[in-house]
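To be precise, the following lines are structure-v3.tsv, and they hold TSV, C-alpha atoms and all ligand atoms.
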```
chain	number	residue	atom	x	y	z
P	1	MET	CA	0.00	0.00	0.00
P	2	SER	CA	1.21	3.46	-0.80
P	3	SER	CA	0.86	4.99	2.64
P	4	THR	CA	1.18	3.24	5.97
P	5	PRO	CA	-0.85	5.11	8.56
P	6	ARG	CA	0.24	5.56	12.14
P	7	PRO	CA	-1.34	2.68	14.05
P	8	LEU	CA	-4.20	3.29	16.45
P	9	VAL	CA	-4.69	1.62	19.80
P	10	ALA	CA	-8.20	2.38	21.04
P	11	GLY	CA	-9.76	1.41	24.34
P	12	ASN	CA	-13.47	0.63	24.45
P	13	TRP	CA	-14.52	0.88	28.06
P	14	LYS	CA	-18.05	-0.31	27.27
P	15	MET	CA	-20.40	0.17	30.27
P	16	ASN	CA	-17.55	0.53	32.73
P	17	GLY	CA	-16.10	3.55	34.47
P	18	LEU	CA	-17.09	5.99	37.19
P	19	SER	CA	-15.42	9.23	38.27
P	20	ALA	CA	-12.65	7.28	39.98
P	21	SER	CA	-11.61	5.79	36.62
P	22	ILE	CA	-10.45	9.20	35.43
P	23	SER	CA	-7.19	8.47	37.25
P	24	GLU	CA	-6.49	5.69	34.72
P	25	ILE	CA	-6.70	8.27	31.93
P	26	GLU	CA	-4.38	10.57	33.88
P	27	THR	CA	-1.83	7.78	34.16
P	28	ILE	CA	-2.06	6.99	30.45
P	29	ALA	CA	-1.59	10.68	29.62
P	30	GLN	CA	1.49	10.90	31.86
P	31	HIS	CA	3.19	7.96	30.16
P	32	TYR	CA	2.30	8.83	26.57
P	33	ASP	CA	5.57	10.59	25.78
P	34	ALA	CA	6.79	12.04	22.49
P	35	GLY	CA	8.59	8.83	21.56
P	36	LEU	CA	5.45	6.74	21.86
P	37	ARG	CA	3.27	9.43	20.27
P	38	ALA	CA	5.44	9.28	17.17
P	39	LYS	CA	4.80	5.54	16.86
P	40	VAL	CA	1.16	5.05	17.84
P	41	GLU	CA	-2.02	7.06	18.27
P	42	LEU	CA	-4.05	6.37	21.39
P	43	ALA	CA	-7.80	6.77	21.78
P	44	ILE	CA	-10.01	6.09	24.76
P	45	CYS	CA	-13.76	5.55	24.44
P	46	PRO	CA	-15.11	5.88	27.98
P	47	PRO	CA	-18.81	5.95	28.73
P	48	ALA	CA	-20.36	9.19	27.47
P	49	THR	CA	-20.80	10.36	31.06
P	50	LEU	CA	-17.02	10.70	31.42
P	51	LEU	CA	-16.18	12.35	28.09
P	52	SER	CA	-16.19	15.94	29.28
P	53	ARG	CA	-14.28	14.97	32.42
P	54	ALA	CA	-11.62	13.25	30.31
P	55	ALA	CA	-11.33	15.97	27.66
P	56	PRO	CA	-9.08	18.43	29.54
P	57	ILE	CA	-6.85	15.59	30.75
P	58	VAL	CA	-6.12	14.20	27.31
P	59	ALA	CA	-5.96	17.52	25.46
P	60	GLY	CA	-2.35	18.23	26.37
P	61	ALA	CA	-1.31	14.63	25.78
P	62	GLU	CA	-2.74	14.35	22.27
P	63	ILE	CA	-4.80	11.33	23.24
P	64	ARG	CA	-8.08	11.18	21.34
P	65	LEU	CA	-11.46	10.44	22.88
P	66	GLY	CA	-14.28	8.52	21.30
P	67	GLY	CA	-17.94	7.73	21.87
P	68	GLN	CA	-19.17	4.14	21.85
P	69	ASP	CA	-22.29	4.72	19.75
P	70	CYS	CA	-24.35	7.60	18.38
P	71	HIS	CA	-27.81	8.29	17.02
P	72	ALA	CA	-28.04	8.87	13.29
P	73	LYS	CA	-29.82	12.21	13.75
P	74	ALA	CA	-28.20	15.39	15.02
P	75	ASN	CA	-30.94	16.15	17.58
P	76	GLY	CA	-34.60	15.61	18.29
P	77	ALA	CA	-37.10	13.60	20.30
P	78	HIS	CA	-35.01	10.47	20.95
P	79	THR	CA	-35.02	9.95	24.69
P	80	GLY	CA	-31.81	8.49	26.03
P	81	ASP	CA	-29.89	8.72	22.78
P	82	ILE	CA	-26.75	10.75	22.13
P	83	SER	CA	-25.93	12.37	18.80
P	84	ALA	CA	-22.56	12.50	17.11
P	85	GLU	CA	-22.68	16.28	17.46
P	86	MET	CA	-23.05	15.88	21.24
P	87	LEU	CA	-20.06	13.54	21.36
P	88	ALA	CA	-17.98	16.02	19.36
P	89	ASP	CA	-19.14	18.83	21.63
P	90	ALA	CA	-18.01	16.79	24.67
P	91	GLY	CA	-14.53	16.35	23.21
P	92	ALA	CA	-14.70	13.19	21.10
P	93	ALA	CA	-12.77	12.73	17.85
P	94	TYR	CA	-13.95	9.17	17.16
P	95	VAL	CA	-17.16	7.22	17.44
P	96	ILE	CA	-17.46	3.43	17.51
P	97	VAL	CA	-20.42	2.22	15.46
P	98	GLY	CA	-21.74	-1.25	14.78
P	99	HIS	CA	-20.07	-2.94	17.73
P	100	SER	CA	-21.39	-6.50	17.91
P	101	GLU	CA	-22.82	-5.77	21.35
P	102	ARG	CA	-25.03	-3.16	19.68
P	103	ARG	CA	-25.73	-5.26	16.62
P	104	CYS	CA	-26.80	-8.16	18.90
P	105	ASP	CA	-28.27	-6.45	21.97
P	106	HIS	CA	-30.05	-3.68	20.06
P	107	GLY	CA	-30.71	-5.37	16.74
P	108	GLU	CA	-28.71	-2.83	14.76
P	109	SER	CA	-28.72	-3.50	11.02
P	110	ASP	CA	-25.95	-2.74	8.55
P	111	ALA	CA	-28.06	0.13	7.20
P	112	LEU	CA	-28.40	1.68	10.65
P	113	VAL	CA	-24.68	1.26	11.31
P	114	ARG	CA	-23.95	3.05	8.03
P	115	ALA	CA	-26.31	5.88	9.00
P	116	LYS	CA	-24.51	6.21	12.32
P	117	ALA	CA	-21.09	6.20	10.63
P	118	GLU	CA	-22.28	8.94	8.30
P	119	ALA	CA	-23.64	10.86	11.29
P	120	GLY	CA	-20.18	10.66	12.83
P	121	LEU	CA	-18.61	12.11	9.69
P	122	ARG	CA	-21.25	14.84	9.56
P	123	ALA	CA	-20.24	15.86	13.09
P	124	GLY	CA	-16.53	15.80	12.29
P	125	LEU	CA	-15.84	12.48	14.02
P	126	ALA	CA	-13.91	9.59	12.52
P	127	PRO	CA	-16.08	6.46	12.65
P	128	ILE	CA	-14.66	3.15	13.91
P	129	VAL	CA	-16.93	0.68	12.12
P	130	CYS	CA	-16.98	-2.79	13.70
P	131	VAL	CA	-17.48	-6.02	11.81
P	132	GLY	CA	-17.02	-9.66	12.72
P	133	GLU	CA	-18.50	-13.11	12.47
P	134	THR	CA	-20.05	-15.34	15.14
P	135	ARG	CA	-18.59	-18.71	16.11
P	136	ALA	CA	-21.31	-20.53	14.17
P	137	GLU	CA	-20.58	-18.47	11.07
P	138	ARG	CA	-16.86	-19.21	11.29
P	139	ASP	CA	-17.47	-22.91	11.88
P	140	ALA	CA	-19.69	-22.93	8.79
P	141	GLY	CA	-16.84	-21.45	6.73
P	142	ARG	CA	-18.76	-18.20	6.23
P	143	ALA	CA	-16.55	-15.73	8.13
P	144	SER	CA	-15.22	-13.89	5.07
P	145	GLU	CA	-18.62	-13.73	3.41
P	146	ILE	CA	-20.25	-12.31	6.57
P	147	VAL	CA	-17.55	-9.69	7.09
P	148	GLU	CA	-17.65	-8.65	3.45
P	149	ARG	CA	-21.41	-8.25	3.62
P	150	GLN	CA	-21.09	-6.14	6.78
P	151	LEU	CA	-18.46	-3.94	5.11
P	152	ASP	CA	-20.59	-3.44	2.01
P	153	GLY	CA	-23.65	-2.57	4.09
P	154	SER	CA	-22.15	-0.64	7.01
P	155	LEU	CA	-19.37	1.54	5.67
P	156	PRO	CA	-20.16	5.15	4.87
P	157	GLN	CA	-20.39	5.66	1.15
P	158	ASP	CA	-18.62	8.94	0.76
P	159	VAL	CA	-15.59	9.10	3.03
P	160	ALA	CA	-11.93	10.01	2.74
P	161	PRO	CA	-10.22	6.66	3.49
P	162	GLU	CA	-7.91	8.21	6.09
P	163	ARG	CA	-10.93	9.30	8.15
P	164	LEU	CA	-12.30	5.78	8.31
P	165	VAL	CA	-11.32	3.08	10.78
P	166	VAL	CA	-12.53	-0.52	10.50
P	167	ALA	CA	-12.37	-2.86	13.49
P	168	TYR	CA	-12.44	-6.60	12.86
P	169	GLU	CA	-13.82	-8.14	16.03
P	170	PRO	CA	-14.82	-11.79	15.80
P	171	VAL	CA	-17.84	-11.98	18.11
P	172	TRP	CA	-16.62	-15.23	19.69
P	173	ALA	CA	-13.27	-13.65	20.62
P	174	ILE	CA	-14.77	-10.75	22.57
P	175	GLY	CA	-14.33	-11.10	26.31
P	176	THR	CA	-13.64	-14.83	26.04
P	177	GLY	CA	-9.86	-15.02	26.12
P	178	LEU	CA	-10.04	-16.72	22.72
P	179	THR	CA	-8.43	-15.32	19.60
P	180	PRO	CA	-8.30	-16.52	16.01
P	181	THR	CA	-5.03	-18.03	14.81
P	182	LEU	CA	-2.52	-15.50	13.52
P	183	GLN	CA	-3.10	-16.92	10.06
P	184	ASP	CA	-6.85	-16.39	10.32
P	185	VAL	CA	-6.32	-12.78	11.44
P	186	ALA	CA	-3.88	-12.21	8.56
P	187	GLN	CA	-6.32	-13.68	6.05
P	188	MET	CA	-9.27	-11.66	7.29
P	189	HIS	CA	-7.35	-8.39	7.43
P	190	ALA	CA	-6.02	-8.94	3.92
P	191	ALA	CA	-9.56	-9.64	2.74
P	192	ILE	CA	-10.83	-6.47	4.44
P	193	ARG	CA	-8.04	-4.44	2.83
P	194	ALA	CA	-8.90	-5.87	-0.58
P	195	ARG	CA	-12.57	-4.99	-0.08
P	196	LEU	CA	-11.66	-1.45	0.99
P	197	VAL	CA	-9.56	-1.03	-2.16
P	198	THR	CA	-12.52	-2.19	-4.25
P	199	LEU	CA	-14.83	0.25	-2.48
P	200	PHE	CA	-12.54	3.27	-2.12
P	201	GLY	CA	-9.67	2.76	-4.56
P	202	ALA	CA	-5.93	2.76	-3.97
P	203	GLY	CA	-6.23	5.36	-1.17
P	204	ALA	CA	-7.77	2.64	1.01
P	205	GLY	CA	-4.26	1.90	2.26
P	206	ALA	CA	-4.83	4.88	4.55
P	207	THR	CA	-7.79	3.27	6.33
P	208	ARG	CA	-6.70	1.67	9.56
P	209	ILE	CA	-7.94	-1.86	10.17
P	210	LEU	CA	-7.90	-2.69	13.88
P	211	TYR	CA	-8.09	-6.14	15.39
P	212	GLY	CA	-10.30	-6.54	18.48
P	213	GLY	CA	-11.18	-9.47	20.70
P	214	SER	CA	-9.26	-10.56	23.81
P	215	VAL	CA	-6.19	-8.44	23.05
P	216	LYS	CA	-3.96	-8.50	26.15
P	217	PRO	CA	-0.37	-7.45	26.83
P	218	ALA	CA	0.64	-11.13	26.48
P	219	ASN	CA	-0.71	-11.61	22.94
P	220	ALA	CA	-0.60	-8.06	21.56
P	221	GLY	CA	2.95	-8.40	20.21
P	222	GLU	CA	2.15	-11.20	17.80
P	223	LEU	CA	-1.26	-9.83	16.80
P	224	LEU	CA	-0.10	-6.28	16.13
P	225	ARG	CA	2.79	-7.39	13.92
P	226	ILE	CA	0.49	-9.06	11.40
P	227	ALA	CA	0.31	-7.36	7.99
P	228	ASN	CA	-2.75	-5.12	7.61
P	229	VAL	CA	-3.29	-4.99	11.38
P	230	ASP	CA	-3.02	-1.26	11.97
P	231	GLY	CA	-3.76	-1.32	15.67
P	232	ALA	CA	-6.22	-2.74	18.15
P	233	LEU	CA	-9.63	-2.10	19.68
P	234	ILE	CA	-9.35	-3.24	23.25
P	235	GLY	CA	-12.09	-3.97	25.75
P	236	GLY	CA	-11.19	-5.46	29.12
P	237	ALA	CA	-7.47	-4.71	28.96
P	238	SER	CA	-8.17	-1.03	28.29
P	239	LEU	CA	-9.71	-0.53	31.72
P	240	THR	CA	-6.37	-0.28	33.48
P	241	ALA	CA	-3.65	2.13	32.40
P	242	LYS	CA	-1.06	-0.56	33.07
P	243	ASP	CA	-2.43	-3.06	30.54
P	244	PHE	CA	-3.47	-0.43	27.98
P	245	LEU	CA	-0.01	1.13	28.04
P	246	ALA	CA	1.70	-2.27	27.90
P	247	ILE	CA	-0.17	-2.94	24.64
P	248	ALA	CA	0.67	0.49	23.21
P	249	GLU	CA	4.34	-0.01	24.15
P	250	ILE	CA	4.56	-2.83	21.58
P	251	TYR	CA	4.96	-0.09	18.99
P	252	ARG	CA	7.81	1.79	20.65
Z	301	LIG	P1	-12.23	-7.56	24.88
Z	301	LIG	O1	-10.89	-6.95	24.62
Z	301	LIG	O2	-12.69	-7.43	26.30
Z	301	LIG	O3	-12.31	-8.95	24.33
Z	301	LIG	O4	-13.32	-6.68	24.04
Z	301	LIG	C1	-13.06	-6.41	22.72
Z	301	LIG	C2	-14.06	-5.43	22.26
Z	301	LIG	O5	-15.24	-5.74	22.13
Z	301	LIG	C3	-13.59	-4.06	21.97
Z	301	LIG	O6	-14.56	-3.33	21.31
```
Before anything else, please render the file you have as structure tokens.
Amino acid sequence: MSSTPRPLVAGNWKMNGLSASISEIETIAQHYDAGLRAKVELAICPPATLLSRAAPIVAGAEIRLGGQDCHAKANGAHTGDISAEMLADAGAAYVIVGHSERRCDHGESDALVRAKAEAGLRAGLAPIVCVGETRAERDAGRASEIVERQLDGSLPQDVAPERLVVAYEPVWAIGTGLTPTLQDVAQMHAAIRARLVTLFGAGAGATRILYGGSVKPANAGELLRIANVDGALIGGASLTAKDFLAIAEIYR
């Protein structure tokens, strides 16, 4: 690929984190020195309730913040929802859309995920669009077909490739301690890259493709060195500064 983007290590805190957890972000900010900044971009996606608390802490450290979901509309009568504009206003630069926990728990379709990704772009956020197969789909030999269908249906249609992030998160690897083989990750990431090139042309080398699912300090080294793995989306191990930084340090 013509351009190799700076990798991105993003933490998805999911429904975890109270005021006390802000100290983890402070620790991450303190350790994210110029040497590491040159090698890897860091993003933290805390619950929306903590975004404005985290914003002044990360501003000086050049750590980005992200939301975990957004509504497709900018505002209106949608009780309990949060718009991409609100996330941006609270200090976010990214928004995760289409996480499997939203696709499964909230029945989100590819079309809705695309609308949310486009809402993120409208608000000036870079969408992190999640895709990934279930265990049954992989066992049936359908993993590539499922992921390709999700990409075709969920990615925003008009986007500069460098503003887009794709996260490959096999559903069965999330929170289980299981990961695909390195060969399976390599194959899937190569297939995603090829699909991005078909959809967006040669510039698709600038889209970062993250791997997510049970990434820990112990396995991050081998996962992050795979071709076309441009970083990681981390759940459980992102909740402590120690583990999150240990993963980021792989890139130093
Ligand atoms: P775990 O790292 O806890 O497996 O979660 C991955 C994930 O879902 C990140 O979005």
**Report entry** Distance filter 6 Å around ligand LIG 301 (chain Z), atoms: all atoms listed in the file, out as a list in words
**Finding:** Asn12, Ile174, Gly175, Gly212, Gly213, Ser214, Val215, Leu233, Ile234, Gly235, Gly236 and Ala237 of chain P
With C-alpha atoms retained, write the just-selected residues as a PDB file, keeping the file's coordinate frame.
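Generated file (again.pdb):
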```pdb
ATOM      1  CA  ASN P  12     -13.470   0.630  24.450  1.00  0.00           C
ATOM      2  CA  ILE P 174     -14.770 -10.750  22.570  1.00  0.00           C
ATOM      3  CA  GLY P 175     -14.330 -11.100  26.310  1.00  0.00           C
ATOM      4  CA  GLY P 212     -10.300  -6.540  18.480  1.00  0.00           C
ATOM      5  CA  GLY P 213     -11.180  -9.470  20.700  1.00  0.00           C
ATOM      6  CA  SER P 214      -9.260 -10.560  23.810  1.00  0.00           C
ATOM      7  CA  VAL P 215      -6.190  -8.440  23.050  1.00  0.00           C
ATOM      8  CA  LEU P 233      -9.630  -2.100  19.680  1.00  0.00           C
ATOM      9  CA  ILE P 234      -9.350  -3.240  23.250  1.00  0.00           C
ATOM     10  CA  GLY P 235     -12.090  -3.970  25.750  1.00  0.00           C
ATOM     11  CA  GLY P 236     -11.190  -5.460  29.120  1.00  0.00           C
ATOM     12  CA  ALA P 237      -7.470  -4.710  28.960  1.00  0.00           C
TER      13      ALA P 237
END
```
Query - Counting all atoms listed in the file, the option among P:Asp184, P:Asp152, P:Asp139, P:Glu41 closest to Leu199 in chain P - result: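 Selected residue with least distance to Leu199 in chain P: P:Asp152.
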Query raised in the report: Using only C-alpha atoms, which of the listed residues (P:Ile247, P:Leu36, P:Val9, P:Ala167) sits closest to Val97 in chain P?
Result: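 Checking each candidate against Val97 in chain P, we get P:Ala167 as the closest.
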Query raised in the report: Within 8 Å of range 51-55 of chain P, counting all atoms listed in the file, which residues qualify if same-chain residues fewer than 3 places away don't, as a PyMOL selection string?
Result: chain P and resi 22+25+46-48+58-59+65+67+87+90-92
Report task. Find the spatial neighbours of Arg138 in chain P, counting all atoms listed in the file, within a cut-off of 12 Å - ignore same-chain residues fewer than 2 positions away - and output them as a ChimeraX atom specification. Result -> /P:132-136,140-147,170-173,180,184,188
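Across the structure, CA of Ala93 in chain P and CA of Ala43 in chain P are spaced 8.7 Å apart.
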Would you kindly return, as a short mmCIF file (atom, residue, chain, number, x, y, z; two decimals) with C-alpha atoms, keeping the file's coordinate frame, each protein, DNA or RNA residue with an atom no farther than 12 Å from any atom of Lys242 in chain P, considering all atoms listed in the file and excluding same-chain residues fewer than 2 positions away?
```cif
data_model
loop_
_atom_site.label_atom_id
_atom_site.label_comp_id
_atom_site.auth_asym_id
_atom_site.auth_seq_id
_atom_site.Cartn_x
_atom_site.Cartn_y
_atom_site.Cartn_z
CA SER P 23 -7.19 8.47 37.25
CA GLU P 24 -6.49 5.69 34.72
CA ILE P 25 -6.70 8.27 31.93
CA GLU P 26 -4.38 10.57 33.88
CA THR P 27 -1.83 7.78 34.16
CA ILE P 28 -2.06 6.99 30.45
CA ALA P 29 -1.59 10.68 29.62
CA GLN P 30 1.49 10.90 31.86
CA HIS P 31 3.19 7.96 30.16
CA TYR P 32 2.30 8.83 26.57
CA LYS P 216 -3.96 -8.50 26.15
CA PRO P 217 -0.37 -7.45 26.83
CA GLY P 236 -11.19 -5.46 29.12
CA ALA P 237 -7.47 -4.71 28.96
CA SER P 238 -8.17 -1.03 28.29
CA LEU P 239 -9.71 -0.53 31.72
CA THR P 240 -6.37 -0.28 33.48
CA PHE P 244 -3.47 -0.43 27.98
CA LEU P 245 -0.01 1.13 28.04
CA ALA P 246 1.70 -2.27 27.90
CA ILE P 247 -0.17 -2.94 24.64
CA ALA P 248 0.67 0.49 23.21
CA GLU P 249 4.34 -0.01 24.15
#
```
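Between Leu224 in chain P and the residues P:Ser21, P:Thr176, P:Leu50, P:Val40, the shortest atom-to-atom distance, using all atoms listed in the file, involves P:Val40.
In this structure, CA of Trp13 in chain P sits 22.7 Å away from CA of Glu118 in chain P.
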Query raised in the report: Mind pulling up the distance from CA of Val95 in chain P to CA of Glu222 in chain P?
Result: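 CA of Glu222 in chain P sits 26.7 Å away from CA of Val95 in chain P.
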Requested in this report: Please provide the set of residues having any atom within 12 Å of Pro7 in chain P, restricted to all atoms listed in the file, with same-chain residues fewer than 2 positions apart removed, written as a PyMOL selection string.
Outcome: chain P and resi 3-5+9-10+36-43+162+165+206-211+224-225+227-233+248-252
Which range 124-162 of chain P residues have any atom within 12 Å of an atom of range 75-84 of chain P, and for each, what is the nearest pair of atoms with distance in Å to one decimal, counting only C-alpha atoms, rows sorted by chain and number, as a tab-separated table?
```
residue	atom	partner	partner_atom	distance
P:Gly124	CA	P:Ala84	CA	8.4
P:Leu125	CA	P:Ala84	CA	7.4
P:Ala126	CA	P:Ala84	CA	10.2
P:Pro127	CA	P:Ala84	CA	9.9
```
**Report entry** Shell of 12 Å around Ala194 in chain P, all atoms listed in the file, local chain residues under 3 positions omitted, as a VMD selection string
**Finding:** chain P and resid 1 144 148 151 187 to 191 197 to 205 207 209 228
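Using only C-alpha atoms, the nearest neighbour of Val131 in chain P within the list P:Gly98, P:Gly11, P:Gly60, P:Gly153 is P:Gly98.
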Because the input lacks atoms here, generate N, CA and C atoms for range 136-154 of chain P and report them as a compact mmCIF listing (two decimals), keeping the file's coordinate frame.
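The resulting result-v4.txt:
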```
# COMPACT_ATOMS: atom_id res chain seq x y z
N ALA P 136 -20.59 -19.63 15.09
CA ALA P 136 -21.31 -20.53 14.17
C ALA P 136 -20.99 -20.18 12.72
N GLU P 137 -20.89 -18.88 12.45
CA GLU P 137 -20.58 -18.47 11.07
C GLU P 137 -19.17 -18.89 10.68
N ARG P 138 -18.23 -18.76 11.62
CA ARG P 138 -16.86 -19.21 11.29
C ARG P 138 -16.82 -20.72 11.09
N ASP P 139 -17.49 -21.44 11.99
CA ASP P 139 -17.47 -22.91 11.88
C ASP P 139 -18.10 -23.37 10.57
N ALA P 140 -19.03 -22.57 10.06
CA ALA P 140 -19.69 -22.93 8.79
C ALA P 140 -18.88 -22.46 7.59
N GLY P 141 -17.69 -21.89 7.85
CA GLY P 141 -16.84 -21.45 6.73
C GLY P 141 -17.33 -20.17 6.09
N ARG P 142 -18.14 -19.38 6.83
CA ARG P 142 -18.76 -18.20 6.23
C ARG P 142 -18.18 -16.89 6.76
N ALA P 143 -17.07 -16.95 7.48
CA ALA P 143 -16.55 -15.73 8.13
C ALA P 143 -16.28 -14.61 7.12
N SER P 144 -15.58 -14.94 6.03
CA SER P 144 -15.22 -13.89 5.07
C SER P 144 -16.46 -13.30 4.40
N GLU P 145 -17.39 -14.19 4.07
CA GLU P 145 -18.62 -13.73 3.41
C GLU P 145 -19.42 -12.78 4.33
N ILE P 146 -19.50 -13.14 5.61
CA ILE P 146 -20.25 -12.31 6.57
C ILE P 146 -19.58 -10.95 6.72
N VAL P 147 -18.27 -10.95 6.87
CA VAL P 147 -17.55 -9.69 7.09
C VAL P 147 -17.65 -8.80 5.84
N GLU P 148 -17.54 -9.43 4.68
CA GLU P 148 -17.65 -8.65 3.45
C GLU P 148 -19.04 -8.01 3.32
N ARG P 149 -20.05 -8.79 3.68
CA ARG P 149 -21.41 -8.25 3.62
C ARG P 149 -21.58 -7.08 4.60
N GLN P 150 -21.01 -7.23 5.79
CA GLN P 150 -21.09 -6.14 6.78
C GLN P 150 -20.37 -4.89 6.27
N LEU P 151 -19.20 -5.10 5.65
CA LEU P 151 -18.46 -3.94 5.11
C LEU P 151 -19.30 -3.24 4.04
N ASP P 152 -19.83 -4.03 3.11
CA ASP P 152 -20.59 -3.44 2.01
C ASP P 152 -21.81 -2.67 2.53
N GLY P 153 -22.42 -3.18 3.60
CA GLY P 153 -23.65 -2.57 4.09
C GLY P 153 -23.45 -1.49 5.14
N SER P 154 -22.31 -1.52 5.84
CA SER P 154 -22.15 -0.64 7.01
C SER P 154 -21.24 0.55 6.79
```
